[in-house]
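Peer 1: Once you've had a glance at the structure underneath, I'll fire off some questions.
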Amino acid sequence: MPDTAVSGPATTGAPSATQDVKELTYGGAVNAALRRCLEEIPETLLYGEDIAKPGGVFGVTRGLRRDFGDRVFDTPISESAILGSAVGAAMLGRRPIVEIMWVDFSLVAFDQVVNQLVNVRYVSRGELVAPVTIRTQQGSAPGACAQHSQSLEALFLHVPGLRVCMPWTAQDAYDLLVAAVHSDDPVLVIENRTLYPAGTGPVRLGGPVQQPGGLRVRREGTDATVVTWGAMTARVLEAAATLAGEGISVEVLETPWLNPFPTDEVAASARRTGALAVVHEANTTGGFGAEVVARVAGEGVALRVPPLRVGLPDTRVPAAPSLAAGLVPGPDAIAATIREWLG
Amino acid sequence: MTATDAAPGSATAGTSLTDLRMVWRMRAFEEKVRELRLAGDAVGSIHLGIGQEGVATGASGLAGPQDAVFATYRGHSWAISCGVPVEALFGEILGRDTGINGGRGGSAHLTAPAYRFFGENSIVGAGAPIACGAALAGRHDGSDRVALTVFGDGAMNQGAVHEAMNFASAFSLPVVFLCENNSWSELTPIDEMVRDPELFRRAAAYGMPGERIDGNDPQEVRERLGDAFEVAREGGGPTLVEAMTQRLVGHYIGDADQYRRPGERERDAEREPVALLTRRLRESGVSDDEIAAAESDARAEMEAAAAAALAAPLADPATAKEHLYA
Ligand SMILES: Cc1ncc(C[n+]2csc(CCOP(=O)(O)OP(=O)(O)O)c2C)c(N)n1
């Protein structure tokens, strides 16, 4: 992993003095964002299982222990202590960035998020704050067992007070993480392990710190609006390209921030195209897609066809690739579903 | 044990040979799995226990039909120890219809209750409280069930394991807590993550017996773990056994395994169970042919089982949604 130089004095909260473009993978972009935050915010701490000396099980945090010393450290396999200590350290002025290796493991420490982290500011009426960034990753990959395959963003989106984002591009992996660490709210950043080694490309480093929120119009279209996020975006874009060849024009909106969610912009697009679909890897029932559909309906947008939700069917995820292939929606299945839906 | 205890033809030599044969079955199974993974026939994250087989070998035969064994993702050898047919294990790891879970479990979530193997678990420490429940059920179903829960050194720092140890102690449940201490938790050494690396001593805080044993010596495992089973079965409550062992391979297939300490590999090579048992058998005069046959017989068995598993059809996608609800 290339070590990324962000020059300039470390000034809390201010954008780095220089901008720089580097060829980085998604994982490299995460590393660069962490490096920048450790440099410019002296209050940051970075910790989690295997993240310091070994550099992370995916190599994403390599070199940070070497360069930032004991602000970067490995922990026992104790997720409650990781998340709980982050809450306490944040109350007392630190800005912890903690890693939960797989989103599935956050469940053994859910209390520290749902009952603790998000009540700090609210109950103290802002006298205390808990600017904690939780980095994790999720999603299915061939052969992964049912306890390492889930997409759980909806569980966290049900928790008021917690910002949630799911970057897909390397640039967003960088920008969203920098925004998360600078935010005075707790933020959950859900990455995707299949993306870490993915396609090296130019990443702008050191730009101004962005505010949470916004959306990315990945493809313009006129026949339907398709909202998606995370690694699913690539599959939706592939499906949209196929459909374009058949004369079906799909607008693809990627919403890397799910809280705050750009309801107005999504509703405006749906109003224009008259059709709304949401595609995510999470289970369909209770998935955030249902919330998106409800919000657009609540805006009074008149749709030409009933709204469509595409997600994992409501089942567990099997390990065998032949079984999983029929469940996790791929580009062909997404294209087929949209084709049929638009009739 | 000394060399004189194990004279040629003695019962000890016979046991050691039986143990070596079991160790080789486990190792040959996993070496075949690694070959299949590297060839792409198996996919995903696979955790091998190569080097740790002494523990599961010593434990084999201790659990009766009413007992329940709970393992982790590093559990292939535990499934074999419980007697799960190896062809069905290969089938599962290869995603075949004939797999022990028809492809739903895979390498890291194998489950075979018909063989008292209540399964692997890919959430660190999660098996310990579940084992308490198996023991609790035994108190109400008239069986004298003992539940064995196996986990690593790193799992000793998981809240669920602490809760389970207190729960079992408070209610004197027949649970045997078996910590396989291979000194590494993924890429992090256990002695940097605890103040006292003698993990068995934690047992005292829960008011249960705890001891550290040589996990490389199946005979020692059999005796000491057997005692813990007996205490549990007779109403004496839980025991914590810390079996010292080593994994000779990476945390998962693909781990570059570059974090070992100076001298560690040499030390491990000397004390791992194949080396230990082979040495002992030679000292007691068992022929090289018999020792070599333990390996070659195991390899032949695993080659045949893997070939049969590979020949079976892939798990049928049409069944993927079955078995979610009653
Ligand atoms: C709750 C939870 N946290 C983290 C992980 C990721 N993880 C899988 S194995 C492992 C190391 C476990 O070490 P140890 O308990 O010593 O067992 P070993 O792998 O050495 O057999 C970790 C951290 C997990 N699966 N579950």
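Convention: chains lettered A, B, ... in structure tokens order; per-chain residue numbering from 1; ligands numbered from 1 as shown.
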Contacts from chain B to chain A, 9 Å maximum, only C-alpha atoms: show me the residue list as a PyMOL selection string.
Peer 2: chain B and resi 42-46+92-96+102-109+121-124+126+154-160+185-188+190+192-194+255+259+314-322+324
Peer 1: Find the spatial neighbours of Val236 (chain A), counting only C-alpha atoms, within a cut-off of 8 Å - ignore same-chain residues fewer than 6 positions away - and output them as a PyMOL selection string.
Peer 2: chain A and resi 228+252+279+331+334-335
Peer 1: Take the residues from that selection and put them in a file with all heavy atoms, as a PDB file, in the first residue's frame.
Peer 2:
ATOM      1  N   THR A 228     -29.755   3.247  -5.517  1.00  0.00           N
ATOM      2  CA  THR A 228     -28.963   2.144  -4.987  1.00  0.00           C
ATOM      3  C   THR A 228     -27.786   2.696  -4.197  1.00  0.00           C
ATOM      4  O   THR A 228     -27.562   3.910  -4.193  1.00  0.00           O
ATOM      5  CB  THR A 228     -28.493   1.214  -6.127  1.00  0.00           C
ATOM      6  OG1 THR A 228     -27.917   0.027  -5.563  1.00  0.00           O
ATOM      7  CG2 THR A 228     -27.473   1.891  -7.020  1.00  0.00           C
ATOM      8  N   VAL A 252     -29.791   6.279 -12.786  1.00  0.00           N
ATOM      9  CA  VAL A 252     -29.224   5.584 -11.624  1.00  0.00           C
ATOM     10  C   VAL A 252     -28.714   6.611 -10.616  1.00  0.00           C
ATOM     11  O   VAL A 252     -27.799   7.379 -10.903  1.00  0.00           O
ATOM     12  CB  VAL A 252     -28.088   4.637 -12.041  1.00  0.00           C
ATOM     13  CG1 VAL A 252     -27.501   3.940 -10.805  1.00  0.00           C
ATOM     14  CG2 VAL A 252     -28.595   3.599 -13.050  1.00  0.00           C
ATOM     15  N   VAL A 279     -32.711  -0.700  -5.235  1.00  0.00           N
ATOM     16  CA  VAL A 279     -31.990  -1.978  -5.280  1.00  0.00           C
ATOM     17  C   VAL A 279     -30.928  -1.989  -4.186  1.00  0.00           C
ATOM     18  O   VAL A 279     -30.080  -1.094  -4.132  1.00  0.00           O
ATOM     19  CB  VAL A 279     -31.298  -2.169  -6.653  1.00  0.00           C
ATOM     20  CG1 VAL A 279     -30.638  -3.548  -6.715  1.00  0.00           C
ATOM     21  CG2 VAL A 279     -32.296  -1.989  -7.792  1.00  0.00           C
ATOM     22  N   PRO A 331     -26.359  -8.457 -11.960  1.00  0.00           N
ATOM     23  CA  PRO A 331     -26.762  -7.539 -13.040  1.00  0.00           C
ATOM     24  C   PRO A 331     -27.873  -8.107 -13.923  1.00  0.00           C
ATOM     25  O   PRO A 331     -28.817  -7.381 -14.283  1.00  0.00           O
ATOM     26  CB  PRO A 331     -25.479  -7.347 -13.843  1.00  0.00           C
ATOM     27  CG  PRO A 331     -24.372  -7.729 -12.921  1.00  0.00           C
ATOM     28  CD  PRO A 331     -24.917  -8.692 -11.935  1.00  0.00           C
ATOM     29  N   ILE A 334     -31.197  -8.157 -12.063  1.00  0.00           N
ATOM     30  CA  ILE A 334     -31.710  -6.786 -11.890  1.00  0.00           C
ATOM     31  C   ILE A 334     -32.302  -6.285 -13.201  1.00  0.00           C
ATOM     32  O   ILE A 334     -33.414  -5.728 -13.237  1.00  0.00           O
ATOM     33  CB  ILE A 334     -30.579  -5.848 -11.397  1.00  0.00           C
ATOM     34  CG1 ILE A 334     -30.095  -6.282 -10.000  1.00  0.00           C
ATOM     35  CG2 ILE A 334     -31.046  -4.392 -11.368  1.00  0.00           C
ATOM     36  CD1 ILE A 334     -28.795  -5.622  -9.562  1.00  0.00           C
ATOM     37  N   ALA A 335     -31.579  -6.518 -14.304  1.00  0.00           N
ATOM     38  CA  ALA A 335     -32.077  -6.066 -15.615  1.00  0.00           C
ATOM     39  C   ALA A 335     -33.403  -6.752 -15.932  1.00  0.00           C
ATOM     40  O   ALA A 335     -34.366  -6.109 -16.384  1.00  0.00           O
ATOM     41  CB  ALA A 335     -31.037  -6.360 -16.697  1.00  0.00           C
TER      42      ALA A 335
END
Peer 1: Neighbours of Ala300 (chain B) within 12 Å (only C-alpha atoms; same-chain residues fewer than 6 positions away dropped), as a PyMOL selection string?
Peer 2: chain B and resi 24-25+28-29+32+293-294+306-307
Peer 1: Save the residues we just selected, N, CA and C atoms, as an mmCIF file, in the first residue's frame?
Peer 2:
data_model
loop_
_atom_site.group_PDB
_atom_site.id
_atom_site.type_symbol
_atom_site.label_atom_id
_atom_site.label_comp_id
_atom_site.auth_asym_id
_atom_site.auth_seq_id
_atom_site.Cartn_x
_atom_site.Cartn_y
_atom_site.Cartn_z
ATOM 1 N N TRP B 24 -3.378 -38.178 11.648
ATOM 2 C CA TRP B 24 -3.124 -38.147 10.208
ATOM 3 C C TRP B 24 -4.413 -38.022 9.390
ATOM 4 N N ARG B 25 -5.491 -38.648 9.892
ATOM 5 C CA ARG B 25 -6.760 -38.502 9.150
ATOM 6 C C ARG B 25 -7.160 -37.026 9.112
ATOM 7 N N ALA B 28 -4.536 -35.091 6.885
ATOM 8 C CA ALA B 28 -4.672 -35.396 5.456
ATOM 9 C C ALA B 28 -5.962 -34.777 4.915
ATOM 10 N N PHE B 29 -7.018 -34.784 5.743
ATOM 11 C CA PHE B 29 -8.273 -34.149 5.334
ATOM 12 C C PHE B 29 -8.018 -32.669 5.030
ATOM 13 N N LYS B 32 -5.901 -31.888 2.029
ATOM 14 C CA LYS B 32 -6.695 -32.062 0.802
ATOM 15 C C LYS B 32 -7.620 -30.851 0.602
ATOM 16 N N ALA B 293 2.434 -46.087 7.430
ATOM 17 C CA ALA B 293 1.095 -46.493 6.983
ATOM 18 C C ALA B 293 0.014 -45.573 7.560
ATOM 19 N N ALA B 294 0.287 -45.035 8.758
ATOM 20 C CA ALA B 294 -0.706 -44.128 9.351
ATOM 21 C C ALA B 294 -0.956 -42.962 8.402
ATOM 22 N N ALA B 306 -12.631 -37.261 -1.210
ATOM 23 C CA ALA B 306 -12.705 -35.980 -1.927
ATOM 24 C C ALA B 306 -13.150 -36.210 -3.367
ATOM 25 N N ALA B 307 -12.643 -37.283 -3.976
ATOM 26 C CA ALA B 307 -13.021 -37.571 -5.365
ATOM 27 C C ALA B 307 -14.527 -37.846 -5.443
#
Peer 1: Taking into account only C-alpha atoms, which residue in the set A:Val103, A:Val310, A:Thr225, A:Val250 is nearest to Val296 (chain A)?
Peer 2: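 When distances to Val296 (chain A) are compared using only C-alpha atoms, the smallest one comes from A:Thr225.
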Peer 1: Which residues, written as a PDB file with C-alpha atoms, in the first residue's frame, have at least one atom at most 7 Å from Ala32 (chain A), with only C-alpha atoms counted and residues fewer than 3 positions away on the same chain left out?
Peer 2:
ATOM      1  CA  THR A   4       0.176   8.884   1.186  1.00  0.00           C
ATOM      2  CA  GLY A  28      -5.750   2.593  -0.264  1.00  0.00           C
ATOM      3  CA  ALA A  29      -8.198   5.486  -0.205  1.00  0.00           C
ATOM      4  CA  ARG A  35      -3.735   9.002   7.697  1.00  0.00           C
ATOM      5  CA  ARG A  36      -5.056  12.457   6.976  1.00  0.00           C
ATOM      6  CA  TYR A 174     -11.809   8.764   1.115  1.00  0.00           C
TER       7      TYR A 174
END
Peer 1: Which residues, written as a count of residues only, have at least one atom at most 8 Å from Gly75 (chain B), with only C-alpha atoms counted and residues fewer than 5 positions away on the same chain left out?
Peer 2: 4
Peer 1: With distances taken over only C-alpha atoms and all ligand atoms, which residue among A:Val178, A:Leu157, A:Ile82, A:Val132 lies nearest ligand 1?
Peer 2: A:Ile82
Peer 1: Where does DSSP see alpha helix (DSSP H) in region 166-270 of chain A, if you list the residues as a ChimeraX atom specification?
Peer 2: /A:170-182,232-245,263-270
Peer 1: Applying 8 Å and only C-alpha atoms, which residues near Gly161 (chain A) remain after dropping the ones on its own chain fewer than 3 positions away? List them as a ChimeraX atom specification.
Peer 2: /A:118-119,185-186
Peer 1: Next, the residues of the selection above should be written as a PDB file, in the first residue's frame with N, CA and C atoms.
Peer 2:
ATOM      1  N   VAL A 118     -25.674   6.839  20.946  1.00  0.00           N
ATOM      2  CA  VAL A 118     -26.584   7.834  20.376  1.00  0.00           C
ATOM      3  C   VAL A 118     -27.367   8.608  21.433  1.00  0.00           C
ATOM      4  N   ASN A 119     -27.233   8.242  22.690  1.00  0.00           N
ATOM      5  CA  ASN A 119     -27.932   8.997  23.737  1.00  0.00           C
ATOM      6  C   ASN A 119     -27.063  10.067  24.392  1.00  0.00           C
ATOM      7  N   ASP A 185     -21.132  14.286  15.035  1.00  0.00           N
ATOM      8  CA  ASP A 185     -22.092  13.215  15.329  1.00  0.00           C
ATOM      9  C   ASP A 185     -21.396  11.864  15.193  1.00  0.00           C
ATOM     10  N   PRO A 186     -21.942  10.839  15.843  1.00  0.00           N
ATOM     11  CA  PRO A 186     -21.436   9.489  15.573  1.00  0.00           C
ATOM     12  C   PRO A 186     -21.778   9.071  14.150  1.00  0.00           C
TER      13      PRO A 186
END
Peer 1: I'd like the interatomic distance between atom 19 (O, counted along the ligand's line) of ligand 1 and CA of His251 (chain B), to a tenth of an Å.
Peer 2: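 Atom-to-atom, atom 19 (O, counted along the ligand's line) of ligand 1 and CA of His251 (chain B) are spaced 6.3 Å apart.
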Peer 1: What is the CA of Phe117 (chain B) to CA of Asp217 (chain B) distance in Å?
Peer 2: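 CA of Asp217 (chain B) lies at a distance of 22.5 Å from CA of Phe117 (chain B).
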Peer 1: Please extract the residues of region 72-250 of chain B with a backbone DSSP assignment of strand (DSSP E) and present them as a list in words.
Peer 2: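 Filtering region 72-250 of chain B down to strand (DSSP E) leaves Ala147, Leu148, Thr149, Val150, Phe151, Gly152, Val175, Val176, Phe177, Leu178, Cys179, Glu180, Asn181, Trp184, Ser185, Thr188, Pro189, Gly210, Glu211, Arg212, Ile213, Asp214, Thr239, Leu240, Val241, Glu242, Ala243 and Met244 of chain B.
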Peer 1: Which one is closest to ligand 1: B:Gly152, B:Gly138, B:Pro174, B:Gly61? Count only C-alpha atoms and all ligand atoms.
Peer 2: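 Nearest to ligand 1: B:Gly152.
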Peer 1: Can you tell me, as a compact mmCIF listing (two decimals) with C-alpha atoms, in the first residue's frame, what residues are no more than 9 Å from region 268-282 of chain B when counting only C-alpha atoms, ignoring any on the same chain fewer than 5 positions away?
Peer 2:
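Wrote out-v3.txt, looks like this:
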# COMPACT_ATOMS: atom_id res chain seq x y z
CA THR B 2 8.95 -41.68 29.35
CA ALA B 3 10.21 -44.01 26.65
CA ALA B 6 6.06 -47.29 25.97
CA PRO B 8 7.29 -52.32 21.94
CA ALA B 13 2.43 -47.91 21.97
CA GLY B 14 -0.86 -49.23 20.61
CA SER B 16 -0.11 -43.86 20.35
CA LEU B 17 -0.38 -45.59 17.00
CA ASP B 19 -3.75 -41.61 17.95
CA LEU B 20 -1.24 -41.04 15.17
CA VAL B 23 -4.09 -37.19 13.74
CA TRP B 24 -3.12 -38.15 10.21
CA GLY B 51 -0.90 -28.64 13.97
CA GLN B 52 -3.74 -28.57 16.48
CA GLU B 53 -5.04 -32.11 15.82
CA GLY B 54 -3.71 -33.49 19.13
CA GLY B 215 -2.73 -30.32 23.66
CA ASN B 216 -0.17 -32.04 21.48
CA ASP B 217 -0.35 -35.23 23.46
CA PRO B 218 -3.66 -36.99 22.77
CA THR B 245 -1.17 -26.16 20.91
CA GLN B 246 -0.06 -24.39 17.75
CA ARG B 247 -1.36 -23.84 14.26
CA LEU B 248 1.37 -24.60 11.76
CA GLY B 263 12.29 -19.48 16.87
CA SER B 287 8.27 -50.13 12.90
CA ASP B 288 8.72 -47.33 10.41
CA ILE B 291 4.24 -45.32 11.25
Peer 1: What does the distance between CA of Arg202 (chain B) and CA of Gly58 (chain B) come to in Å, to one decimal place?
Peer 2: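 So the answer is 23.4 Å.
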Peer 1: Calculated over only C-alpha atoms, which of the candidates A:Cys165, A:Ala294, A:Gly330, A:Ala277 has the smallest distance to Pro307 (chain A)?
Peer 2: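 Checking each of A:Cys165, A:Ala294, A:Gly330, A:Ala277 against Pro307 (chain A), counting only C-alpha atoms, the winner is A:Ala277.
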Peer 1: Tell me which of A:Ile100, A:Met166, A:Ala290, A:Leu188 sits closest to ligand 1, counting only C-alpha atoms and all ligand atoms.
Peer 2: A:Ile100
Peer 1: Which is closer to Leu205 (chain A) than all the others in A:Glu43, A:Glu23, A:Glu127, A:Glu238, using only C-alpha atoms?
Peer 2: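 Closest to Leu205 (chain A), using only C-alpha atoms: A:Glu23.
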